file work.txt (compact mmCIF, C-alpha atoms (C1' of nucleotides))
# COMPACT_ATOMS: atom_id res chain seq x y z
CA MET A 1 30.48 -6.44 6.74
CA ARG A 2 29.42 -3.15 5.17
CA HIS A 3 26.90 -2.84 2.39
CA HIS A 4 25.47 -0.17 0.25
CA ARG A 5 22.12 0.39 -1.36
CA ASP A 6 22.59 -1.98 -4.27
CA ASP A 7 23.66 -4.87 -2.05
CA VAL A 8 20.50 -4.42 -0.05
CA VAL A 9 18.34 -4.48 -3.18
CA ARG A 10 20.11 -7.56 -4.53
CA HIS A 11 19.66 -9.44 -1.28
CA ALA A 12 16.03 -8.32 -1.13
CA ILE A 13 15.38 -9.92 -4.52
CA ASP A 14 16.99 -13.13 -3.29
CA VAL A 15 14.73 -13.15 -0.24
CA LEU A 16 11.70 -12.36 -2.40
CA ASP A 17 12.42 -15.20 -4.78
CA ALA A 18 13.22 -17.69 -2.04
CA TYR A 19 10.51 -16.91 0.51
CA GLY A 20 7.90 -14.67 -1.16
CA LEU A 21 6.73 -11.10 -0.64
CA ALA A 22 5.02 -11.79 2.69
CA ASP A 23 8.34 -12.96 4.14
CA LEU A 24 10.33 -10.07 2.71
CA THR A 25 10.42 -8.21 6.02
CA MET A 26 12.93 -5.64 7.14
CA ARG A 27 13.99 -7.91 9.97
CA ARG A 28 14.46 -10.96 7.80
CA LEU A 29 16.32 -9.01 5.14
CA ALA A 30 18.55 -7.51 7.82
CA GLY A 31 19.22 -10.99 9.15
CA GLU A 32 20.17 -12.17 5.68
CA LEU A 33 22.60 -9.24 5.40
CA ASP A 34 23.94 -10.01 8.89
CA VAL A 35 23.00 -6.57 10.12
CA ARG A 36 20.56 -5.05 12.62
CA PRO A 37 17.14 -4.03 11.14
CA SER A 38 17.79 -0.39 11.94
CA ALA A 39 20.77 -0.42 9.59
CA LEU A 40 18.42 -0.68 6.62
CA TYR A 41 17.06 2.75 7.44
CA HIS A 42 20.37 4.23 6.56
CA HIS A 43 19.72 3.15 2.93
CA PHE A 44 15.95 3.55 2.67
CA ARG A 45 13.58 5.92 4.41
CA ASP A 46 10.99 3.17 4.86
CA LYS A 47 9.88 -0.23 3.61
CA GLN A 48 7.82 1.20 0.75
CA SER A 49 10.89 2.88 -0.71
CA LEU A 50 12.82 -0.38 -0.43
CA LEU A 51 10.04 -2.23 -2.23
CA ALA A 52 9.95 0.44 -4.94
CA ALA A 53 13.68 -0.03 -5.50
CA VAL A 54 13.26 -3.80 -5.59
CA ALA A 55 10.42 -3.51 -8.13
CA ASP A 56 12.50 -1.19 -10.29
CA GLU A 57 15.39 -3.65 -10.22
CA VAL A 58 13.13 -6.58 -11.13
CA LEU A 59 11.88 -4.58 -14.12
CA ARG A 60 15.40 -3.45 -15.04
CA ARG A 61 16.64 -7.04 -15.07
CA GLY A 62 13.74 -8.07 -17.29
CA ALA A 63 14.13 -5.16 -19.70
CA ARG A 64 14.79 -5.96 -23.35
CA PRO A 65 15.45 -3.42 -26.08
CA LEU A 66 12.54 -2.94 -28.48
CA VAL A 67 13.22 -4.67 -31.77
CA SER A 68 10.22 -3.42 -33.73
CA SER A 69 9.91 0.01 -35.24
CA ALA A 70 6.15 -0.18 -35.70
CA TRP A 71 4.33 1.28 -32.70
CA ASP A 72 1.77 -1.50 -32.52
CA GLU A 73 4.41 -4.19 -32.38
CA GLN A 74 6.24 -2.17 -29.75
CA VAL A 75 3.14 -2.21 -27.56
CA VAL A 76 3.06 -5.98 -27.88
CA GLU A 77 6.72 -6.17 -26.92
CA ILE A 78 6.27 -3.97 -23.89
CA CYS A 79 3.28 -5.89 -22.59
CA SER A 80 4.67 -9.38 -23.07
CA GLY A 81 8.10 -8.20 -21.88
CA LEU A 82 6.48 -6.87 -18.73
CA ARG A 83 4.76 -10.18 -18.18
CA ASP A 84 8.03 -12.06 -18.61
CA ALA A 85 9.77 -9.74 -16.14
CA LEU A 86 7.02 -10.28 -13.54
CA LEU A 87 7.07 -14.05 -13.92
CA ALA A 88 10.85 -14.19 -13.53
CA TYR A 89 10.70 -13.81 -9.73
CA ARG A 90 8.37 -15.19 -7.11
CA ASP A 91 5.51 -12.77 -6.37
CA GLY A 92 6.87 -10.41 -9.04
CA ALA A 93 3.40 -9.41 -10.22
CA GLU A 94 2.15 -8.75 -6.70
CA LEU A 95 5.25 -6.71 -5.87
CA VAL A 96 5.03 -4.50 -8.93
CA SER A 97 1.25 -4.09 -8.63
CA THR A 98 1.65 -2.97 -5.04
CA VAL A 99 4.41 -0.52 -5.85
CA ILE A 100 2.45 0.93 -8.77
CA ALA A 101 -0.69 1.24 -6.67
CA PHE A 102 1.30 3.00 -3.99
CA GLY A 103 2.45 5.48 -6.59
CA LEU A 104 6.22 5.72 -6.30
CA GLY A 105 8.32 3.53 -8.56
CA ALA A 106 7.77 0.95 -11.29
CA SER A 107 6.66 3.67 -13.68
CA ARG A 108 8.83 2.48 -16.55
CA PRO A 109 6.24 0.19 -18.23
CA TYR A 110 3.65 2.95 -18.13
CA ASP A 111 6.04 5.51 -19.58
CA ASP A 112 7.13 3.08 -22.29
CA LEU A 113 3.52 2.38 -23.23
CA VAL A 114 2.70 6.06 -23.44
CA ALA A 115 5.75 6.59 -25.64
CA ALA A 116 4.89 3.68 -27.91
CA LEU A 117 1.25 4.72 -28.20
CA GLY A 118 2.20 8.24 -29.19
CA PRO A 119 2.38 7.58 -32.95
CA ALA A 120 -1.02 5.88 -32.82
CA ARG A 121 -2.56 9.31 -32.48
CA LEU A 122 -5.44 8.19 -30.32
CA GLY A 123 -8.25 10.68 -29.93
CA SER A 124 -8.00 13.56 -27.47
CA ASP A 125 -6.30 12.51 -24.22
CA LEU A 126 -6.91 8.84 -24.64
CA THR A 127 -3.26 7.78 -24.69
CA PRO A 128 -2.71 7.75 -20.91
CA THR A 129 -6.02 5.97 -20.43
CA ALA A 130 -5.07 3.32 -22.98
CA ALA A 131 -1.67 2.89 -21.33
CA ARG A 132 -3.18 2.46 -17.88
CA THR A 133 -5.79 0.06 -19.17
CA LEU A 134 -3.20 -2.11 -20.87
CA LEU A 135 -1.24 -2.06 -17.62
CA HIS A 136 -4.31 -3.16 -15.63
CA LEU A 137 -4.84 -5.96 -18.09
CA VAL A 138 -1.28 -7.25 -18.00
CA LEU A 139 -0.86 -6.84 -14.24
CA GLY A 140 -4.22 -8.41 -13.41
CA HIS A 141 -3.68 -11.24 -15.81
CA THR A 142 -0.13 -11.98 -14.72
CA LEU A 143 -1.07 -11.80 -11.03
CA ASP A 144 -3.72 -14.42 -11.73
CA GLU A 145 -1.38 -16.51 -13.77
CA GLN A 146 1.47 -16.35 -11.25
CA THR A 147 -0.82 -17.20 -8.34
CA HIS A 148 -1.94 -20.37 -10.09
CA LEU A 149 1.55 -21.25 -11.29
CA GLN A 150 2.92 -20.90 -7.78
CA ALA A 151 0.00 -22.74 -6.20
CA GLY A 152 0.73 -25.59 -8.58
CA SER A 153 4.47 -25.70 -7.96
CA ALA A 154 3.97 -25.44 -4.20
CA GLY A 155 2.93 -29.08 -4.50
CA ALA A 156 -0.40 -28.46 -2.80
CA ILE A 157 -3.43 -30.75 -2.98
CA GLY A 158 -2.78 -31.20 -6.67
CA ASP A 159 -3.60 -28.79 -9.46
CA ASP A 160 -6.89 -27.01 -8.99
CA PRO A 161 -9.59 -27.45 -11.61
CA ARG A 162 -9.96 -23.73 -12.36
CA PRO A 163 -9.41 -22.91 -16.02
CA ARG A 164 -6.00 -21.42 -16.67
CA SER A 165 -5.93 -17.70 -17.03
CA ASP A 166 -4.82 -16.72 -20.49
CA PHE A 167 -5.25 -14.11 -23.13
CA ALA A 168 -6.56 -16.37 -25.84
CA ALA A 169 -6.64 -15.45 -29.51
CA GLY A 170 -9.56 -13.24 -30.40
CA LEU A 171 -9.58 -11.31 -27.15
CA GLY A 172 -8.45 -7.73 -27.10
CA LEU A 173 -8.86 -4.08 -26.43
CA VAL A 174 -10.26 -1.39 -28.68
CA VAL A 175 -9.07 2.17 -28.40
CA ASP A 176 -10.60 4.61 -30.82
CA GLY A 177 -11.06 2.05 -33.53
CA ILE A 178 -7.61 0.62 -33.02
CA ARG A 179 -7.81 -2.94 -31.90
CA LEU A 180 -5.29 -4.10 -29.32
CA ARG A 181 -5.66 -7.80 -29.72
CA ALA A 182 -4.54 -10.60 -27.46
CA SER A 183 -2.64 -13.28 -29.30
CA VAL A 184 -0.83 -16.25 -27.77
CA PRO A 185 -1.70 -17.25 -24.21
CA GLY A 186 -0.19 -14.85 -21.76
CA SER A 187 0.74 -12.11 -24.12
CA VAL A 188 -1.01 -9.10 -25.53
CA GLY A 189 -1.25 -8.56 -29.24
CA LEU A 190 -2.43 -5.59 -31.17
CA ASP A 191 -3.66 -4.70 -34.59
CA GLN A 192 -5.37 -1.95 -36.41
CA GLY A 193 -8.84 -1.71 -37.88
CA ALA A 194 -11.74 -3.67 -36.42
CA MET B 195 -21.92 -7.83 25.35
CA ARG B 196 -22.18 -10.90 23.11
CA HIS B 197 -22.02 -10.78 19.34
CA HIS B 198 -22.36 -13.11 16.48
CA ARG B 199 -20.79 -13.37 13.08
CA ASP B 200 -22.92 -10.73 11.41
CA ASP B 201 -22.23 -8.14 14.12
CA VAL B 202 -18.52 -8.68 13.61
CA VAL B 203 -18.82 -8.20 9.85
CA ARG B 204 -20.92 -5.06 10.27
CA HIS B 205 -18.45 -3.53 12.69
CA ALA B 206 -15.58 -4.52 10.40
CA ILE B 207 -17.17 -2.53 7.57
CA ASP B 208 -17.51 0.45 9.89
CA VAL B 209 -13.83 0.23 10.80
CA LEU B 210 -12.89 -0.20 7.13
CA ASP B 211 -14.84 2.86 6.09
CA ALA B 212 -13.62 5.00 8.96
CA TYR B 213 -9.93 4.05 9.11
CA GLY B 214 -9.10 2.11 5.93
CA LEU B 215 -7.98 -1.44 5.20
CA ALA B 216 -4.52 -1.05 6.77
CA ASP B 217 -6.13 -0.19 10.11
CA LEU B 218 -8.67 -2.96 9.94
CA THR B 219 -6.74 -5.19 12.32
CA MET B 220 -8.07 -7.97 14.48
CA ARG B 221 -7.02 -6.06 17.57
CA ARG B 222 -8.65 -2.82 16.56
CA LEU B 223 -11.84 -4.55 15.47
CA ALA B 224 -11.93 -6.41 18.77
CA GLY B 225 -11.48 -3.13 20.60
CA GLU B 226 -14.36 -1.61 18.67
CA LEU B 227 -16.53 -4.59 19.67
CA ASP B 228 -15.33 -4.28 23.27
CA VAL B 229 -13.96 -7.77 23.23
CA ARG B 230 -10.53 -9.47 23.43
CA PRO B 231 -8.86 -10.19 20.04
CA SER B 232 -9.00 -13.91 20.65
CA ALA B 233 -12.80 -13.76 20.75
CA LEU B 234 -12.85 -13.07 17.01
CA TYR B 235 -11.40 -16.52 16.38
CA HIS B 236 -14.61 -18.02 17.63
CA HIS B 237 -16.32 -16.52 14.58
CA PHE B 238 -13.60 -16.73 11.94
CA ARG B 239 -10.77 -19.18 11.52
CA ASP B 240 -8.35 -16.40 10.52
CA LYS B 241 -8.17 -12.83 9.24
CA GLN B 242 -8.43 -13.84 5.60
CA SER B 243 -11.80 -15.48 6.24
CA LEU B 244 -12.97 -12.37 8.02
CA LEU B 245 -11.90 -10.21 5.10
CA ALA B 246 -13.64 -12.56 2.66
CA ALA B 247 -16.87 -12.19 4.63
CA VAL B 248 -16.45 -8.40 4.71
CA ALA B 249 -15.88 -8.30 0.95
CA ASP B 250 -18.93 -10.44 0.34
CA GLU B 251 -21.03 -8.13 2.50
CA VAL B 252 -19.74 -5.03 0.70
CA LEU B 253 -20.75 -6.64 -2.60
CA ARG B 254 -24.10 -7.80 -1.19
CA ARG B 255 -24.94 -4.27 -0.06
CA GLY B 256 -24.03 -2.90 -3.47
CA ALA B 257 -25.98 -5.55 -5.40
CA ARG B 258 -28.79 -4.36 -7.68
CA PRO B 259 -31.12 -6.60 -9.64
CA LEU B 260 -30.41 -6.70 -13.37
CA VAL B 261 -32.96 -4.65 -15.28
CA SER B 262 -31.92 -5.56 -18.82
CA SER B 263 -32.77 -8.77 -20.53
CA ALA B 264 -30.13 -8.39 -23.26
CA TRP B 265 -26.89 -10.11 -22.27
CA ASP B 266 -24.68 -7.25 -23.44
CA GLU B 267 -26.54 -4.70 -21.36
CA GLN B 268 -26.36 -7.07 -18.41
CA VAL B 269 -22.58 -7.14 -18.69
CA VAL B 270 -22.58 -3.36 -18.57
CA GLU B 271 -24.79 -3.42 -15.50
CA ILE B 272 -22.61 -5.95 -13.70
CA CYS B 273 -19.39 -4.03 -14.38
CA SER B 274 -20.65 -0.59 -13.47
CA GLY B 275 -22.58 -2.04 -10.54
CA LEU B 276 -19.38 -3.64 -9.29
CA ARG B 277 -17.57 -0.32 -9.60
CA ASP B 278 -20.32 1.45 -7.64
CA ALA B 279 -20.18 -1.19 -4.91
CA LEU B 280 -16.40 -0.84 -4.60
CA LEU B 281 -16.53 2.94 -4.43
CA ALA B 282 -19.20 2.89 -1.72
CA TYR B 283 -16.70 2.09 1.05
CA ARG B 284 -13.18 3.27 1.74
CA ASP B 285 -10.60 0.90 0.22
CA GLY B 286 -13.41 -1.19 -1.21
CA ALA B 287 -11.53 -1.92 -4.44
CA GLU B 288 -8.36 -2.92 -2.59
CA LEU B 289 -10.30 -5.16 -0.22
CA VAL B 290 -12.16 -7.01 -2.97
CA SER B 291 -9.05 -7.29 -5.16
CA THR B 292 -7.14 -8.81 -2.26
CA VAL B 293 -9.89 -11.27 -1.44
CA ILE B 294 -10.27 -12.31 -5.07
CA ALA B 295 -6.52 -12.72 -5.46
CA PHE B 296 -6.44 -14.85 -2.36
CA GLY B 297 -9.08 -17.06 -3.91
CA LEU B 298 -11.83 -17.50 -1.32
CA GLY B 299 -14.79 -15.15 -1.48
CA ALA B 300 -15.97 -12.26 -3.63
CA SER B 301 -16.74 -14.65 -6.47
CA ARG B 302 -20.20 -13.25 -7.17
CA PRO B 303 -19.17 -10.70 -9.85
CA TYR B 304 -17.19 -13.34 -11.72
CA ASP B 305 -20.07 -15.81 -11.60
CA ASP B 306 -22.53 -13.15 -12.71
CA LEU B 307 -20.29 -12.20 -15.64
CA VAL B 308 -19.95 -15.82 -16.74
CA ALA B 309 -23.72 -16.23 -16.55
CA ALA B 310 -24.38 -13.03 -18.52
CA LEU B 311 -21.78 -13.89 -21.15
CA GLY B 312 -23.29 -17.32 -21.68
CA PRO B 313 -25.79 -16.26 -24.41
CA ALA B 314 -22.99 -14.44 -26.24
CA ARG B 315 -21.73 -17.84 -27.37
CA LEU B 316 -18.08 -16.83 -27.40
CA GLY B 317 -15.77 -19.26 -29.16
CA SER B 318 -14.50 -22.40 -27.44
CA ASP B 319 -13.74 -21.77 -23.75
CA LEU B 320 -13.37 -18.02 -24.04
CA THR B 321 -16.18 -17.12 -21.65
CA PRO B 322 -14.21 -17.53 -18.40
CA THR B 323 -11.29 -15.68 -19.93
CA ALA B 324 -13.52 -12.82 -20.99
CA ALA B 325 -15.09 -12.70 -17.52
CA ARG B 326 -11.72 -12.61 -15.78
CA THR B 327 -10.44 -9.97 -18.16
CA LEU B 328 -13.43 -7.73 -17.58
CA LEU B 329 -12.90 -8.22 -13.87
CA HIS B 330 -9.23 -7.23 -14.14
CA LEU B 331 -10.25 -4.14 -16.06
CA VAL B 332 -12.90 -3.01 -13.59
CA LEU B 333 -10.86 -3.85 -10.49
CA GLY B 334 -7.69 -2.24 -11.79
CA HIS B 335 -9.50 0.82 -12.99
CA THR B 336 -11.54 1.27 -9.82
CA LEU B 337 -8.49 0.72 -7.61
CA ASP B 338 -6.78 3.52 -9.51
CA GLU B 339 -9.81 5.73 -9.37
CA GLN B 340 -10.43 5.18 -5.67
CA THR B 341 -6.79 5.80 -4.78
CA HIS B 342 -6.90 9.18 -6.47
CA LEU B 343 -10.32 10.04 -5.10
CA GLN B 344 -9.18 9.25 -1.56
CA ALA B 345 -5.85 11.02 -1.98
CA GLY B 346 -7.81 14.07 -3.03
CA SER B 347 -10.33 13.96 -0.18
CA ALA B 348 -7.57 13.31 2.35
CA GLY B 349 -6.84 16.99 1.92
CA ALA B 350 -3.24 16.36 0.95
CA ILE B 351 -0.95 18.78 -0.88
CA GLY B 352 -3.80 19.61 -3.22
CA ASP B 353 -4.99 17.54 -6.15
CA ASP B 354 -2.20 15.89 -8.06
CA PRO B 355 -1.72 16.73 -11.72
CA ARG B 356 -2.04 13.13 -12.94
CA PRO B 357 -4.78 12.68 -15.50
CA ARG B 358 -7.88 11.11 -14.02
CA SER B 359 -8.28 7.44 -14.67
CA ASP B 360 -11.36 6.83 -16.73
CA PHE B 361 -12.83 4.55 -19.28
CA ALA B 362 -13.40 7.12 -21.97
CA ALA B 363 -15.66 6.57 -24.93
CA GLY B 364 -14.00 4.59 -27.67
CA LEU B 365 -12.08 2.29 -25.38
CA GLY B 366 -13.11 -1.29 -25.06
CA LEU B 367 -12.54 -4.98 -25.21
CA VAL B 368 -12.97 -7.33 -28.12
CA VAL B 369 -13.84 -10.95 -27.58
CA ASP B 370 -14.30 -13.04 -30.68
CA GLY B 371 -15.50 -10.12 -32.75
CA ILE B 372 -17.83 -8.89 -30.04
CA ARG B 373 -16.83 -5.47 -28.87
CA LEU B 374 -17.12 -4.74 -25.17
CA ARG B 375 -16.92 -1.00 -25.30
CA ALA B 376 -16.27 1.47 -22.52
CA SER B 377 -18.79 4.26 -22.42
CA VAL B 378 -19.08 6.96 -19.78
CA PRO B 379 -16.11 7.59 -17.50
CA GLY B 380 -15.83 4.90 -14.93
CA SER B 381 -18.13 2.36 -16.46
CA VAL B 382 -17.77 -0.36 -19.02
CA GLY B 383 -20.01 -0.49 -22.02
CA LEU B 384 -20.40 -3.15 -24.60
CA ASP B 385 -21.66 -3.57 -28.11
CA GLN B 386 -21.64 -6.02 -30.88
CA GLY B 387 -19.86 -6.02 -34.20
CA ALA B 388 -16.68 -4.01 -34.49
C1' DA C 389 -22.07 -20.50 22.11
C1' DC C 390 -19.20 -16.92 23.20
C1' DC C 391 -15.59 -15.02 25.63
C1' DT C 392 -11.09 -14.06 28.79
C1' DG C 393 -6.12 -14.24 30.08
C1' DA C 394 -1.92 -15.07 28.96
C1' DA C 395 1.35 -16.16 26.08
C1' DC C 396 4.21 -16.86 21.49
C1' DA C 397 6.45 -15.30 17.71
C1' DC C 398 6.64 -11.83 15.21
C1' DC C 399 6.23 -6.70 12.76
C1' DG C 400 8.04 -1.41 11.09
C1' DT C 401 10.31 2.48 12.87
C1' DT C 402 13.09 5.90 15.68
C1' DC C 403 17.14 7.61 17.67
C1' DA C 404 21.17 8.41 20.34
C1' DA C 405 25.52 6.61 20.09
C1' DG C 406 29.53 4.25 18.12
C1' DT C 407 33.50 3.62 14.19
C1' DA D 408 29.05 6.49 5.55
C1' DC D 409 27.39 2.72 7.79
C1' DC D 410 26.09 0.42 11.74
C1' DT D 411 24.55 -1.04 16.88
C1' DG D 412 21.53 -1.21 21.03
C1' DA D 413 17.60 -0.44 22.91
C1' DA D 414 13.27 0.82 22.90
C1' DC D 415 8.20 1.94 21.25
C1' DA D 416 4.01 0.69 19.60
C1' DC D 417 2.14 -2.46 17.41
C1' DC D 418 0.72 -7.28 14.70
C1' DG D 419 -1.96 -12.42 13.96
C1' DT D 420 -2.76 -16.56 16.32
C1' DT D 421 -3.27 -20.39 19.87
C1' DC D 422 -5.20 -22.47 23.75
C1' DA D 423 -6.67 -23.73 28.27
C1' DA D 424 -10.15 -22.07 31.02
C1' DG D 425 -14.39 -19.65 32.29
C1' DT D 426 -19.90 -18.77 31.83
call {"tool": "encode", "arguments": {"input": "work.txt", "output": "C-alpha cells"}}
result
Amino acid sequence: MRHHRDDVVRHAIDVLDAYGLADLTMRRLAGELDVRPSALYHHFRDKQSLLAAVADEVLRRGARPLVSSAWDEQVVEICSGLRDALLAYRDGAELVSTVIAFGLGASRPYDDLVAALGPARLGSDLTPTAARTLLHLVLGHTLDEQTHLQAGSAGAIGDDPRPRSDFAAGLGLVVDGIRLRASVPGSVGLDQGA
Amino acid sequence: MRHHRDDVVRHAIDVLDAYGLADLTMRRLAGELDVRPSALYHHFRDKQSLLAAVADEVLRRGARPLVSSAWDEQVVEICSGLRDALLAYRDGAELVSTVIAFGLGASRPYDDLVAALGPARLGSDLTPTAARTLLHLVLGHTLDEQTHLQAGSAGAIGDDPRPRSDFAAGLGLVVDGIRLRASVPGSVGLDQGA
DNA sequence: ACCTGAACACCGTTCAAGT
DNA sequence: ACCTGAACACCGTTCAAGT
C-alpha cells in the first residue's frame, strides 16, 4: 500500500501514544505502515524532521481558538491550552520539549505567546524573554506532571509518595511589574499589578 | 589496566565534554578506558545509572558553599550556582535535565532549594512546588542558553539572529506574595514584597 | 573484584534499483 | 512519486567464563 506524508505522521502519533517516544523508531513505524524503513526517507530527510512534524500535528490537534480579547487572559489560554495538548498523547511533553530544544518545529506556542504579550508593552526587549520563560515553565511542569501520571497508570509499585507537581494558587511570574500568576493546578494564570 | 567506579565516571565526564552527550555511549566510553563494553556493567547496572553518577559528579564539582545567611540570597546562590555548574561541561544542562526527569540522581539542587525556602514559610505545601518551579526555570533557561552558546562556538553558519535567552531584570517568580526576581542575565534573583 | 568473548536484539541512514 | 533490497556503521545489554 502507498502512503504519503500525512499518513506517516498519523501512524507515528498512533505509535507514540501506544508505545511511547522511546519506541517510536523508524523501523517500528515502518513496520506499522507495512513498508521498509528506507521508504520513510522518501517523506522525511531524517528522524528529527519526522518528530518535528509529529510535534506540530500534536499541537495542531490540541489547538483551540482564543476566546478572550484581553491579552492577559489570552496568555492563560495559550499556556493551559498547550498543557492540555501535551497531556493528550503519551510522552507529548517530552516530544515537544525535544523538538523545541532541537530548534526546528513546534514554534507555534512561542509565536502565539509573543503575539499575545505584545499589547502588554513589556520593557525593552523583554517580550521574547517572557515568552520563553513561560514556555520553560509550562513544558517543565507538564513534563513532570506527565511523567508522574504515566508512572501511576503504568500500574507500577503503586503511586509514589512524591508530592504532585502543580502550579498552585499564589505562584507566578513577574515581568516588569506585571504578574503572571498561576491559578488552578496545572494551569498558568496571569494578572496585572503586584 | 583495572579501574573502579570513580575512574569510569571521570572518563565519562571527559567524553561528555569532548564529544557531547549523544556520543557518550557505553561502547565509546569503554574504548576510552581500553576495556570491553561489558566491563562497564560490573560498575553500573545500566546506562541510566552511569549517567546519574556523571550528573551527580558534575554537580559536585560545581558545588560552592553558601555564603549568605539570608534564605532569599541563598536561593539566588543555589540557582546561579546550578547554572554555572551546568555550563561548565558540554551538554551539562541536557544531562542533568535528563537525569532529573528520569528520577534517580541529581536531586541535590532540589533538596537545597527546599531547605533554603524553608524559612520563607510559604503557604501550605507550596515549598516543594516553588522549588520545582525554580528548577524548571533554571534548567529550561540554561538548556536554551547552552544550546545557543554551543551552536555559536561550533563555528556554524555564523551566529543566529535569535535573541539571546536571558533572565533580564524585572522578570521573576511570585510565590505567596514573595517575589523571586531575576536579576543579571543568566541568574535568578529574589526579593520580598511585590 | 574486575574483566573478556561472544552473542542477542536492536538502531538510523544511504543508495542503486524497481514500478 | 513511492518503494525495495541490501548494506554500513553503529547501539545497550546479558552471561558464562577467565584471573
call {"tool": "closest_atom_pairs", "arguments": {"input": "work.txt", "of": "chain D", "to": "chain A", "cutoff": "10 Å", "atoms": "only C-alpha atoms (C1' of nucleotides)", "output": "JSON lines"}}
result
{"residue": "D:DA408", "atom": "C1'", "partner": "A:His42", "partner_atom": "CA", "distance": 9.0}
{"residue": "D:DC409", "atom": "C1'", "partner": "A:Arg2", "partner_atom": "CA", "distance": 6.7}
{"residue": "D:DC410", "atom": "C1'", "partner": "A:Ala39", "partner_atom": "CA", "distance": 5.8}
{"residue": "D:DT411", "atom": "C1'", "partner": "A:Arg36", "partner_atom": "CA", "distance": 7.1}
{"residue": "D:DG412", "atom": "C1'", "partner": "A:Arg36", "partner_atom": "CA", "distance": 9.3}
call {"tool": "write_last_selection", "arguments": {"input": "work.txt", "atoms": "C-alpha atoms (C1' of nucleotides)", "output": "short mmCIF file (atom, residue, chain, number, x, y, z; two decimals), in the frame of the given file"}}
result
data_model
loop_
_atom_site.label_atom_id
_atom_site.label_comp_id
_atom_site.auth_asym_id
_atom_site.auth_seq_id
_atom_site.Cartn_x
_atom_site.Cartn_y
_atom_site.Cartn_z
"C1'" DA D 408 29.05 6.49 5.55
"C1'" DC D 409 27.39 2.72 7.79
"C1'" DC D 410 26.09 0.42 11.74
"C1'" DT D 411 24.55 -1.04 16.88
"C1'" DG D 412 21.53 -1.21 21.03
#
call {"tool": "residues_near_point", "arguments": {"input": "work.txt", "point": "(15.5, 3.3, 19.8)", "cutoff": "8 Å", "atoms": "all atoms listed in the file", "output": "PyMOL selection string"}}
result
(chain C and resi 402-404) or (chain D and resi 412-415)
call {"tool": "atom_distance", "arguments": {"input": "work.txt", "atom1": "CA of Cys273 in chain B", "atom2": "CA of Leu307 in chain B"}}
result
8.3 Å
call {"tool": "atom_distance", "arguments": {"input": "work.txt", "atom1": "CA of Val75 in chain A", "atom2": "CA of Leu137 in chain A"}}
result
12.9 Å
call {"tool": "atom_distance", "arguments": {"input": "work.txt", "atom1": "CA of Ser49 in chain A", "atom2": "CA of Gln340 in chain B"}}
result
22.0 Å
call {"tool": "residues_around", "arguments": {"input": "work.txt", "residues": "Asp112 in chain A", "least_positions_apart": "4", "cutoff": "10 Å", "atoms": "all atoms listed in the file", "output": "count of residues only"}}
result
10
call {"tool": "closest_residue", "arguments": {"input": "work.txt", "among": "A:Gly105, A:Gly31, A:Pro119, A:Gly140", "to": "chain B", "atoms": "all atoms listed in the file"}}
result
A:Gly140
call {"tool": "residues_near_point", "arguments": {"input": "work.txt", "point": "(8.2, -3.2, 13.5)", "cutoff": "10 Å", "atoms": "all atoms listed in the file", "output": "number ranges by chain"}}
result
A: 25-27, 37; C: 398-401; D: 415-418
call {"tool": "closest_residue", "arguments": {"input": "work.txt", "among": "B:His335, B:Arg254, B:Arg199, B:His342", "to": "chain A", "atoms": "all atoms listed in the file"}}
result
B:His335
call {"tool": "axis_aligned_box", "arguments": {"input": "work.txt", "around": "range 389-403 of chain C", "padding_each_side": "5 Å", "output": "AutoDock Vina command-line options"}}
result
--center_x -2.5 --center_y -6.4 --center_z 20.6 --size_x 49.2 --size_y 38.1 --size_z 29.0
call {"tool": "residues_around", "arguments": {"input": "work.txt", "residues": "Leu82 in chain A", "least_positions_apart": "2", "cutoff": "9 Å", "atoms": "only C-alpha atoms (C1' of nucleotides)", "output": "PyMOL selection string"}}
result
chain A and resi 59+62-63+77-80+84-87+109+138-139
call {"tool": "residues_around", "arguments": {"input": "work.txt", "residues": "range 89-95 of chain A", "least_positions_apart": "2", "cutoff": "7 Å", "atoms": "all atoms listed in the file", "output": "list in words"}}
result
Leu16, Asp17, Gly20, Leu21, Ala55, Leu86, Leu87, Ser97, Thr98, Val99, Leu139, Thr142 and Leu143 of chain A
call {"tool": "write_last_selection", "arguments": {"input": "work.txt", "atoms": "C-alpha atoms", "output": "mmCIF file, in the coordinates of the input"}}
result
data_model
loop_
_atom_site.group_PDB
_atom_site.id
_atom_site.type_symbol
_atom_site.label_atom_id
_atom_site.label_comp_id
_atom_site.auth_asym_id
_atom_site.auth_seq_id
_atom_site.Cartn_x
_atom_site.Cartn_y
_atom_site.Cartn_z
ATOM 1 C CA LEU A 16 11.700 -12.360 -2.400
ATOM 2 C CA ASP A 17 12.420 -15.200 -4.780
ATOM 3 C CA GLY A 20 7.900 -14.670 -1.160
ATOM 4 C CA LEU A 21 6.730 -11.100 -0.640
ATOM 5 C CA ALA A 55 10.420 -3.510 -8.130
ATOM 6 C CA LEU A 86 7.020 -10.280 -13.540
ATOM 7 C CA LEU A 87 7.070 -14.050 -13.920
ATOM 8 C CA SER A 97 1.250 -4.090 -8.630
ATOM 9 C CA THR A 98 1.650 -2.970 -5.040
ATOM 10 C CA VAL A 99 4.410 -0.520 -5.850
ATOM 11 C CA LEU A 139 -0.860 -6.840 -14.240
ATOM 12 C CA THR A 142 -0.130 -11.980 -14.720
ATOM 13 C CA LEU A 143 -1.070 -11.800 -11.030
#
